[in-house]
Amino acid sequence: MVNIAICDDDKDFIEITEYKVRHCMENIFHAEHKISTFNNLNSLKKHLENERTDILLLDIMVNDTNSMDWSIENIRSSHTQIIFMTSFPQSAYNISEANCCYYIVKSRMDDATLAKALKRALQGASKKDPNLTIVKTGHKNHIVNFQEIVYIETFNNNITLHLVGKDDIVMYSSLKEYAKNLPPNFLRCHQSFMINMNHVAGYEPHKFTTDTAAEVPIPPKKYNAVIKKYLSYMKNI
């Protein structure tokens with residue numbers, strides 16, 4: 001799941017940008033995604049503090065505040081890929097110090113430019129994430145790097161994390177809920193499975209084979225759609 005946020009004080013521009021981003025994610029990258037929109041920096045800040053955000057499209061001037069300066073002080077996660085947008089290029093004076101993945105002048109934001117920006121952002125968000133996550137099982141806490149997870153399976157409201165070179169971890173959660181925190185290189189390939197596409201060693205009807213020699217099933221009816229998403233990931237990332 002790719003978590004995307006858009007922040008601009010122009011609601012009409014938000015609507016246009018959301019439509020264009022959704023079109024790119026569905027028709028070019030074929031990636032599962034969620035888009036959240038904001039028209040002020042306070043709401044955006046609360047969202048960033050509570051939700052993992054992979055890509056942020058951020059207007060440089062939001063309600064008279066330079067969000068490039070604001071981002072330096074308020075966006076701590078190096079994982080979040082920021083695409084800055086502006087109608088006033090002179091406002092980008094601090095671009096060298098900001099965590100800028102891509103820079104777009106609004107008047108030149110056609111579909112091709114936006115696709116290039118999103119591709120670069122997806123590449124950055126899908127690299128090995130140094131941020132660790134805490135997985136709690138009973139009274140024990142496990143420190144896990146998302147990229148150590150080869151695949152995930154669910155059964156009876158429990159999910160099992162299958163890790164590289166480590167014992168499996170079983171925790172109480174739905175796969176749908178846990179997927180909200182995963183980086184975009186995880187693919188829901190089956191109702192009961194998600195796979196880390198960075199650990200795919202091969203595929204055939206109707207399964208993936210991982211680099212740990214595990215086999216992850218793909219439903220026959222969804223095989224072509226799932227492989228299309230995987231090949232799109234490989235091509236664009």
# chains A, B, ... in the order shown; residues from 1 in each chain; ligands from 1
call {"tool": "select_by_dssp", "arguments": {"residues": "region 1-197 of chain A", "states": "strand (DSSP E)", "output": "CSV table (one decimal) with N, CA and C atoms, in the first residue's frame"}}
result
chain,number,residue,atom,x,y,z
A,2,VAL,N,0.7,2.1,-0.9
A,2,VAL,CA,1.4,3.4,-1.0
A,2,VAL,C,0.5,4.5,-0.4
A,3,ASN,N,1.0,5.1,0.7
A,3,ASN,CA,0.2,6.1,1.4
A,3,ASN,C,0.7,7.5,0.9
A,4,ILE,N,-0.3,8.2,0.3
A,4,ILE,CA,0.0,9.5,-0.3
A,4,ILE,C,-0.8,10.6,0.3
A,5,ALA,N,-0.1,11.7,0.5
A,5,ALA,CA,-0.8,12.9,1.1
A,5,ALA,C,-0.6,14.1,0.1
A,6,ILE,N,-1.7,14.9,0.0
A,6,ILE,CA,-1.6,16.1,-0.8
A,6,ILE,C,-2.0,17.3,0.1
A,7,CYS,N,-1.2,18.3,0.1
A,7,CYS,CA,-1.5,19.5,0.9
A,7,CYS,C,-1.4,20.8,0.0
A,33,HIS,N,-3.0,2.0,-3.4
A,33,HIS,CA,-2.7,3.3,-2.8
A,33,HIS,C,-3.9,3.9,-2.0
A,34,LYS,N,-3.5,4.8,-1.1
A,34,LYS,CA,-4.5,5.6,-0.4
A,34,LYS,C,-4.1,7.0,-0.4
A,35,ILE,N,-5.0,7.9,-0.8
A,35,ILE,CA,-4.7,9.3,-0.9
A,35,ILE,C,-5.5,10.1,0.2
A,36,SER,N,-4.7,10.9,1.0
A,36,SER,CA,-5.4,11.8,2.0
A,36,SER,C,-5.1,13.3,1.5
A,37,THR,N,-6.0,14.1,1.7
A,37,THR,CA,-5.8,15.5,1.3
A,37,THR,C,-6.0,16.5,2.4
A,38,PHE,N,-5.3,17.6,2.4
A,38,PHE,CA,-5.3,18.6,3.5
A,38,PHE,C,-5.2,20.0,2.8
A,55,ILE,N,4.6,9.3,0.2
A,55,ILE,CA,4.7,10.4,-0.7
A,55,ILE,C,3.9,11.5,-0.3
A,56,LEU,N,4.5,12.7,-0.3
A,56,LEU,CA,3.7,13.9,0.1
A,56,LEU,C,3.9,14.9,-1.0
A,57,LEU,N,2.8,15.4,-1.6
A,57,LEU,CA,2.8,16.4,-2.6
A,57,LEU,C,2.4,17.7,-1.9
A,58,LEU,N,3.3,18.7,-1.8
A,58,LEU,CA,3.2,19.8,-0.9
A,58,LEU,C,3.4,21.1,-1.6
A,59,ASP,N,2.3,21.9,-1.6
A,59,ASP,CA,2.4,23.3,-2.1
A,59,ASP,C,3.4,24.1,-1.3
A,61,MET,N,3.7,27.3,-0.9
A,61,MET,CA,3.1,28.4,-0.1
A,61,MET,C,1.7,27.9,0.3
A,62,VAL,N,1.5,27.6,1.6
A,62,VAL,CA,0.2,27.2,2.1
A,62,VAL,C,-0.3,28.2,3.2
A,65,THR,N,2.3,30.6,4.5
A,65,THR,CA,3.4,29.9,5.2
A,65,THR,C,4.3,29.2,4.1
A,66,ASN,N,5.6,29.4,4.2
A,66,ASN,CA,6.5,28.7,3.3
A,66,ASN,C,6.6,27.3,3.8
A,81,GLN,N,8.8,10.9,1.0
A,81,GLN,CA,9.3,11.5,-0.2
A,81,GLN,C,8.4,12.8,-0.5
A,82,ILE,N,9.0,13.9,-0.5
A,82,ILE,CA,8.3,15.2,-0.7
A,82,ILE,C,8.4,15.7,-2.1
A,83,ILE,N,7.3,15.9,-2.8
A,83,ILE,CA,7.2,16.5,-4.1
A,83,ILE,C,6.7,17.9,-3.9
A,84,PHE,N,7.5,18.9,-4.0
A,84,PHE,CA,7.1,20.3,-3.8
A,84,PHE,C,6.5,20.8,-5.1
A,85,MET,N,5.4,21.6,-4.9
A,85,MET,CA,4.7,22.2,-6.0
A,85,MET,C,4.6,23.7,-5.8
A,86,THR,N,4.7,24.5,-6.8
A,86,THR,CA,4.5,25.9,-6.6
A,86,THR,C,4.1,26.7,-7.9
A,100,CYS,N,13.8,17.4,-0.5
A,100,CYS,CA,13.0,17.5,-1.7
A,100,CYS,C,13.3,16.3,-2.7
A,101,CYS,N,12.3,15.6,-3.0
A,101,CYS,CA,12.4,14.5,-3.9
A,101,CYS,C,12.2,15.0,-5.3
A,102,TYR,N,11.3,15.9,-5.5
A,102,TYR,CA,11.0,16.4,-6.9
A,102,TYR,C,10.4,17.8,-6.7
A,103,TYR,N,10.6,18.6,-7.7
A,103,TYR,CA,10.1,20.0,-7.7
A,103,TYR,C,9.3,20.3,-9.0
A,104,ILE,N,8.1,20.7,-8.8
A,104,ILE,CA,7.2,20.9,-10.0
A,104,ILE,C,6.6,22.4,-9.9
A,105,VAL,N,6.8,23.1,-11.1
A,105,VAL,CA,6.1,24.3,-11.3
A,105,VAL,C,4.7,24.0,-11.7
A,132,LEU,N,12.8,1.3,12.0
A,132,LEU,CA,12.4,0.0,12.5
A,132,LEU,C,11.0,0.1,13.1
A,133,THR,N,10.3,-1.0,13.2
A,133,THR,CA,9.0,-1.1,13.7
A,133,THR,C,9.0,-2.0,14.9
A,134,ILE,N,8.2,-1.7,15.9
A,134,ILE,CA,8.1,-2.6,17.1
A,134,ILE,C,6.8,-3.5,16.9
A,135,VAL,N,7.1,-4.8,17.0
A,135,VAL,CA,6.0,-5.8,16.9
A,135,VAL,C,5.8,-6.4,18.3
A,136,LYS,N,4.6,-6.3,18.8
A,136,LYS,CA,4.3,-6.8,20.2
A,136,LYS,C,3.6,-8.1,20.1
A,137,THR,N,4.1,-9.1,20.8
A,137,THR,CA,3.5,-10.4,20.9
A,137,THR,C,3.4,-10.8,22.3
A,140,LYS,N,6.1,-9.6,25.0
A,140,LYS,CA,7.4,-9.4,24.3
A,140,LYS,C,7.3,-8.5,23.2
A,141,ASN,N,8.3,-7.6,23.0
A,141,ASN,CA,8.4,-6.7,21.9
A,141,ASN,C,9.6,-7.1,21.0
A,142,HIS,N,9.3,-7.1,19.7
A,142,HIS,CA,10.3,-7.5,18.7
A,142,HIS,C,10.6,-6.2,17.9
A,143,ILE,N,11.9,-6.0,17.6
A,143,ILE,CA,12.3,-4.9,16.7
A,143,ILE,C,12.5,-5.5,15.3
A,144,VAL,N,11.7,-5.0,14.4
A,144,VAL,CA,11.8,-5.6,13.0
A,144,VAL,C,12.0,-4.5,12.0
A,145,ASN,N,12.9,-4.8,11.0
A,145,ASN,CA,13.0,-3.9,9.9
A,145,ASN,C,12.0,-4.4,8.8
A,149,ILE,N,11.1,-8.6,6.3
A,149,ILE,CA,9.9,-9.4,6.2
A,149,ILE,C,9.8,-9.9,4.7
A,150,VAL,N,9.8,-11.2,4.6
A,150,VAL,CA,9.8,-11.8,3.2
A,150,VAL,C,8.3,-11.8,2.7
A,151,TYR,N,7.4,-12.4,3.6
A,151,TYR,CA,6.0,-12.3,3.3
A,151,TYR,C,5.2,-12.5,4.6
A,152,ILE,N,3.9,-12.2,4.4
A,152,ILE,CA,3.0,-12.2,5.6
A,152,ILE,C,1.8,-13.0,5.3
A,153,GLU,N,1.4,-13.8,6.2
A,153,GLU,CA,0.1,-14.6,6.0
A,153,GLU,C,-0.8,-14.4,7.2
A,154,THR,N,-2.1,-14.6,7.0
A,154,THR,CA,-3.0,-14.4,8.0
A,154,THR,C,-3.9,-15.6,8.2
A,155,PHE,N,-4.3,-15.8,9.4
A,155,PHE,CA,-5.2,-17.0,9.7
A,155,PHE,C,-5.9,-16.7,11.1
A,158,ASN,N,-4.9,-13.6,13.2
A,158,ASN,CA,-3.5,-13.6,13.5
A,158,ASN,C,-2.7,-13.4,12.3
A,159,ILE,N,-1.6,-12.7,12.3
A,159,ILE,CA,-0.8,-12.7,11.1
A,159,ILE,C,0.6,-13.2,11.5
A,160,THR,N,1.3,-13.8,10.6
A,160,THR,CA,2.6,-14.4,10.8
A,160,THR,C,3.6,-13.6,9.9
A,161,LEU,N,4.6,-13.0,10.5
A,161,LEU,CA,5.6,-12.4,9.7
A,161,LEU,C,6.8,-13.4,9.4
A,162,HIS,N,7.0,-13.7,8.2
A,162,HIS,CA,8.1,-14.6,7.8
A,162,HIS,C,9.3,-13.8,7.5
A,163,LEU,N,10.4,-13.9,8.3
A,163,LEU,CA,11.5,-13.0,8.2
A,163,LEU,C,12.8,-13.7,7.6
A,169,ILE,N,7.3,-14.5,13.4
A,169,ILE,CA,6.6,-13.8,14.5
A,169,ILE,C,5.1,-13.8,14.2
A,170,VAL,N,4.4,-14.3,15.3
A,170,VAL,CA,2.9,-14.3,15.2
A,170,VAL,C,2.3,-13.2,16.1
A,171,MET,N,1.4,-12.5,15.5
A,171,MET,CA,0.8,-11.4,16.3
A,171,MET,C,-0.6,-11.3,16.0
A,172,TYR,N,-1.4,-10.7,16.9
A,172,TYR,CA,-2.8,-10.5,16.7
A,172,TYR,C,-3.1,-9.2,15.9
A,186,PHE,N,5.3,-3.9,-0.7
A,186,PHE,CA,4.5,-5.0,-0.3
A,186,PHE,C,3.3,-5.1,-1.1
A,187,LEU,N,3.0,-6.3,-1.6
A,187,LEU,CA,1.9,-6.5,-2.6
A,187,LEU,C,0.9,-7.5,-2.0
A,188,ARG,N,-0.4,-7.1,-1.9
A,188,ARG,CA,-1.4,-8.1,-1.5
A,188,ARG,C,-1.7,-9.0,-2.7
A,189,CYS,N,-1.1,-10.2,-2.7
A,189,CYS,CA,-1.2,-11.1,-3.8
A,189,CYS,C,-2.3,-12.2,-3.6
A,190,HIS,N,-2.9,-12.2,-2.4
A,190,HIS,CA,-3.9,-13.2,-2.1
A,190,HIS,C,-4.7,-12.7,-0.9
A,193,PHE,N,-2.4,-13.4,2.0
A,193,PHE,CA,-0.9,-13.2,1.9
A,193,PHE,C,-0.6,-11.9,1.3
A,194,MET,N,0.5,-11.3,1.9
A,194,MET,CA,1.2,-10.2,1.2
A,194,MET,C,2.7,-10.6,1.1
A,195,ILE,N,3.3,-10.1,0.0
A,195,ILE,CA,4.7,-10.5,-0.3
A,195,ILE,C,5.5,-9.2,-0.5
A,196,ASN,N,6.7,-9.3,0.0
A,196,ASN,CA,7.7,-8.2,-0.2
A,196,ASN,C,8.3,-8.4,-1.5
call {"tool": "closest_atom_pairs", "arguments": {"of": "region 55-164 of chain A", "to": "region 17-30 of chain A", "cutoff": "8 Å", "atoms": "only C-alpha atoms", "output": "JSON lines"}}
result
{"residue": "A:Asp111", "atom": "CA", "partner": "A:Lys20", "partner_atom": "CA", "distance": 7.1}
{"residue": "A:Leu114", "atom": "CA", "partner": "A:Val21", "partner_atom": "CA", "distance": 7.6}
{"residue": "A:Ala115", "atom": "CA", "partner": "A:Cys24", "partner_atom": "CA", "distance": 6.3}
call {"tool": "atom_distance", "arguments": {"atom1": "CA of Ala213 (chain A)", "atom2": "CA of Glu177 (chain A)"}}
result
27.0 Å
call {"tool": "residues_around", "arguments": {"residues": "Glu51 (chain A)", "least_positions_apart": "5", "cutoff": "9 Å", "atoms": "only C-alpha atoms", "output": "ChimeraX atom specification"}}
result
/A:3,46,180-181
call {"tool": "closest_residue", "arguments": {"among": "A:Ser126, A:Met68, A:Lys106, A:Ile75", "to": "Met234 (chain A)", "atoms": "only C-alpha atoms"}}
result
A:Ser126
